[in-house]
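> So that we are looking at the same thing, I have put the structure below in structure tokens.
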Amino acid sequence: MEMDKVSRRAESFFHAISEEYYLSSSGLKEESNLSEIYDEYQDLCSKDIINSLIEQNSANGADRQRSQMLEFLHSLYQGFLTRKGSDELLRLEATSTLNIAGEVIPYRQAPVILKNESNREKRKLIQEAVHEIVERDNPKRLEMLQTVHRTADEFGYENYSELVEDVSGINLTDFLVLCEEFLSKTEDMYTDVATWAFRKHLNISLEEATTYDSTYLFRMTEFDDYFPAADLLPRVDKFISSMGLDMKVGGNITFDTESRPLKSSRAFCAPISVPDRIMLVIMPQGGLSDYQSFMHELGHAMHYAHTDHTLPMEFRYLGDNSVTESFAMLFDHLTLNANWLKKIAEMTDPKNYLLMANLLELYMLRRYCAKFIYEKELHGNTDIADIPDAYSSILTEATKIDCKPVNYLNDVDSEFYCVRYLRAWMLQSLHNSYLIEEFGEDWFLNPETGGKLKELWHYGQKLNAEEMVKIVSTEKMNFNNLIGSIKEAFNG
Ligand SMILES: [Zn+2]
């Protein structure tokens with residue numbers, strides 16, 4: 001197939017898959033059927049098409065556009081081989097229920113119920129029932145993982161980790177060192193503050209704490225009054241328009257705010273056509289995590305909606321997702337910005353809130369570093385029989401919270417997406433420093449900030465994270481900035 005045709009087909013695949021995702025997650029359609037879409041685009045999902053791009057790269061030298069397409073085709077091929085399993089898992093998740101002392105709870109609602117349940121015994125029962133279902137479906141997940149791992153073999157890589165490293169161009173071995181260093185540098189401050197927080201709020205020691213405790217602790221209900229559902233959209237609109245930006249980007253972003261029974265309670269963004277048809281779906285519930293997830297998705301939507309429409313599809317849809325995630329995180333991290341909290345969330349003294357919110361930030365960073373270290377083992381040469389225990393020990397060691405082996409396949413991001421998040425975390429902190437330097441501590445209220453953000457968003461994903469860093473900083477991507485701001489909040 002000609003390169004132009006591949007690009008056109010890939011763009012049309014994106015429309016189809018994003019539309020399907022939008023309709024099923026917004027509750028406009030009952031069941032999602034990804035297999036049908038993959039079958040319709042079978043011509044894109046083959047070894048031959050990947051091999052022909054590899055040949056073109058070796059004959060003409062690797063070019064960015066072709067390399068981004070090659071990475072996408074690998075991902076598409078893996079998605080195609082596991083399409084039936086994915087649909088089956090989605091169906092099982094949507095239809096499973098838990099029976100908790102006579103009360104029937106839909107499996108998908110369990111995480112929401114768990115984080116709002118103050119009774120520890122009840123949380124334990126819910127968690128155990130969830131784990132039974134995860135265990136039940138693990139053979140299906142393992143089968144899919146093995147299918148994905150076999151593609152590494154097919155293309156002559158020693159393991160799946162090597163395949164991802166090669167097609168993404170990210171040096172995973174160097175990144176592993178950064179994550180290990182981060183864990184050791186933040187070990188003591190994390191243990192101190194986490195010990196204090198579990199004792200103060202749950203009256204348990206850190207040694208006793210399990211995942212059903214951390215999920216409740218980090219719900220942070222005591223600060224709900226600062227994040228009311230009714231104020232979410234007007235408050236966000238206030239700072240977005242203060243920066244000289246339009247939340248709807250001249251009609252490129254459509255807000256879906258209607259309430260529907262099957263609508264996802266978590267905000268999400270579906271880029272059906274970049275830049276001119278971006279769906280932003282929201283059902284405001286209130287609370288910190290609702291604000292964070294809406295602002296995160298708005299960051300994605302603004303990035304997509306401001307992408308230069310003349311760029312080839314490879315630079316509008318594909319590429320290094322650390323970049324789009326960095327703009328999403330730049331916005332959700334405003335919930336950690338003392339000035340934003342005072343001026344937008346109307347918090348007079350954010351000190352206590354900032355201590356807990358930064359503990360959550362550090363917990364999440366340590367969890368993601370551990371997830372990557374674990375996933376590197378999962379996709380490397382470690383014997384699969386040792387993998388569930390490796391998951392449990394690596395995650396427990398980093399978070400100090402008892403993580404059961406059962407989630408060893410469930411708690412995995414495909415294609416090392418956790419690395420994109422971690423790179424985005426670093427990149428957003430550099431964006432933030434840059435905006436403070438150029439536009440002041442209140443950059444989110446400065447009418448000049450909008451123009452600069454538009455300039456950065458305009459690139460879409462033509463630049464990777466390393467290239468984006470060069471525009472905003474003289475530093476390299478690392479955890480230093482993040483450690484600095486967490487320390488500051490802890491020392492209050
Ligand atoms: Zn995101």
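Numbering starts fresh at 1 for the residues of each chain in the structure tokens, the chains themselves are lettered A, B, ... in the order given, and ligands are numbered from 1 as they appear.
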Contacts of stretch 14-23 of chain A at 12 Å or less, counting only C-alpha atoms, minus same-chain residues fewer than 4 places along, as number ranges by chain?
A: 7-10, 27-41, 72, 76, 79, 254-256, 260, 262-264, 267-282, 313-314, 316-318
> If you count only C-alpha atoms, which residues fall within 8 Å of A:Leu53, apart from same-chain ones fewer than 4 positions away, as an NGL selection string?
:A and (49 or 57 or 66 or 70)
> With C-alpha atoms retained, could you export that selection as a PDB file, in the first residue's frame?

ATOM      1  CA  ILE A  49       2.629  -3.552   5.923  1.00  0.00           C
ATOM      2  CA  ASN A  57      13.211   3.119   6.570  1.00  0.00           C
ATOM      3  CA  ARG A  66       7.314   7.149   8.791  1.00  0.00           C
ATOM      4  CA  LEU A  70       5.513   2.354  12.039  1.00  0.00           C
TER       5      LEU A  70
END
> Using only C-alpha atoms and all ligand atoms, which residues have at least one atom no more than 9 Å from ligand 1? Output them as a count of residues only.
15
> Would you pick out the contacts of stretch 225-241 of chain A at 12 Å or less, using only C-alpha atoms, so that residues sharing its chain but fewer than 2 positions from it are not included, and give the list as an MDAnalysis selection string?
chainID A and resid 220:223 243:249 255 257 267 282:296 298:299 302 331:332 334:335 339:350 353 442:451 453
> Pull C-alpha atoms from the residues just selected and write them as a short mmCIF file (atom, residue, chain, number, x, y, z; two decimals), in the first residue's frame.

data_model
loop_
_atom_site.label_atom_id
_atom_site.label_comp_id
_atom_site.auth_asym_id
_atom_site.auth_seq_id
_atom_site.Cartn_x
_atom_site.Cartn_y
_atom_site.Cartn_z
CA MET A 220 -9.77 13.32 50.71
CA THR A 221 -13.48 13.92 51.44
CA GLU A 222 -12.68 16.62 54.03
CA PHE A 223 -11.84 19.04 51.20
CA MET A 243 -5.60 33.62 29.61
CA GLY A 244 -7.30 34.92 26.46
CA LEU A 245 -8.42 31.42 25.45
CA ASP A 246 -11.81 30.12 24.40
CA MET A 247 -12.84 26.84 26.07
CA LYS A 248 -14.68 25.69 22.93
CA VAL A 249 -11.88 26.78 20.55
CA PHE A 255 -19.02 19.70 25.50
CA THR A 257 -22.72 17.62 29.70
CA ALA A 267 -14.52 12.99 32.35
CA ILE A 282 -18.30 15.39 31.54
CA MET A 283 -20.82 14.64 34.28
CA PRO A 284 -19.73 16.84 37.21
CA GLN A 285 -19.80 15.00 40.58
CA GLY A 286 -17.66 17.40 42.61
CA GLY A 287 -14.60 16.59 44.72
CA LEU A 288 -10.88 16.89 44.02
CA SER A 289 -10.55 13.96 41.64
CA ASP A 290 -13.49 15.19 39.56
CA TYR A 291 -11.82 18.60 39.15
CA GLN A 292 -8.48 16.93 38.37
CA SER A 293 -9.89 14.61 35.76
CA PHE A 294 -11.90 17.33 34.04
CA MET A 295 -8.94 19.72 33.91
CA HIS A 296 -6.71 16.89 32.66
CA LEU A 298 -9.56 19.75 29.00
CA GLY A 299 -5.77 20.02 28.61
CA MET A 302 -7.18 22.20 24.05
CA PHE A 331 -3.86 21.83 33.80
CA ASP A 332 -4.63 19.10 36.37
CA LEU A 334 -3.18 23.57 38.99
CA THR A 335 -4.90 21.74 41.87
CA ASN A 339 -2.19 30.65 43.97
CA TRP A 340 -4.76 28.78 41.89
CA LEU A 341 -6.26 27.29 45.06
CA LYS A 342 -6.61 30.72 46.64
CA LYS A 343 -7.82 32.61 43.57
CA ILE A 344 -9.94 30.01 41.80
CA ALA A 345 -10.91 27.39 44.44
CA GLU A 346 -11.32 30.14 47.07
CA MET A 347 -9.22 28.32 49.69
CA THR A 348 -8.02 30.86 52.23
CA ASP A 349 -5.31 28.67 53.77
CA PRO A 350 -4.37 25.76 51.50
CA TYR A 353 -4.80 20.52 51.76
CA ASP A 442 -0.46 33.74 38.27
CA TRP A 443 0.24 32.64 34.71
CA PHE A 444 -3.19 30.97 34.61
CA LEU A 445 -4.79 34.45 34.90
CA ASN A 446 -2.43 36.33 32.59
CA PRO A 447 -3.96 37.31 29.20
CA GLU A 448 -0.56 36.81 27.55
CA THR A 449 -0.24 33.14 28.54
CA GLY A 450 -2.85 32.01 25.99
CA GLY A 451 -0.75 33.09 23.01
CA LEU A 453 0.20 28.00 24.93
#
> Could you please write out, as an NGL selection string, every residue of stretch 314-471 of chain A that DSSP assigns to helix (DSSP H, G or I)?
:A and (314-316 or 321-336 or 338-343 or 351-378 or 384-399 or 405-408 or 414-439 or 443-445 or 449-457 or 465-471)
> List the spatial neighbours of A:Tyr374 as a list in words - criterion: any atom at most 8 Å away, only C-alpha atoms, same-chain residues fewer than 4 positions off excluded.
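My list of contacting residues is Ala370, Leu378, Ala390, Tyr391, Ile394 and Leu395 of chain A.
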> Atom CA of A:Ala305 and atom CA of A:Val167 are how many Å apart?
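If I compute the distance from atom CA of A:Ala305 to atom CA of A:Val167, I get 27.0 Å.
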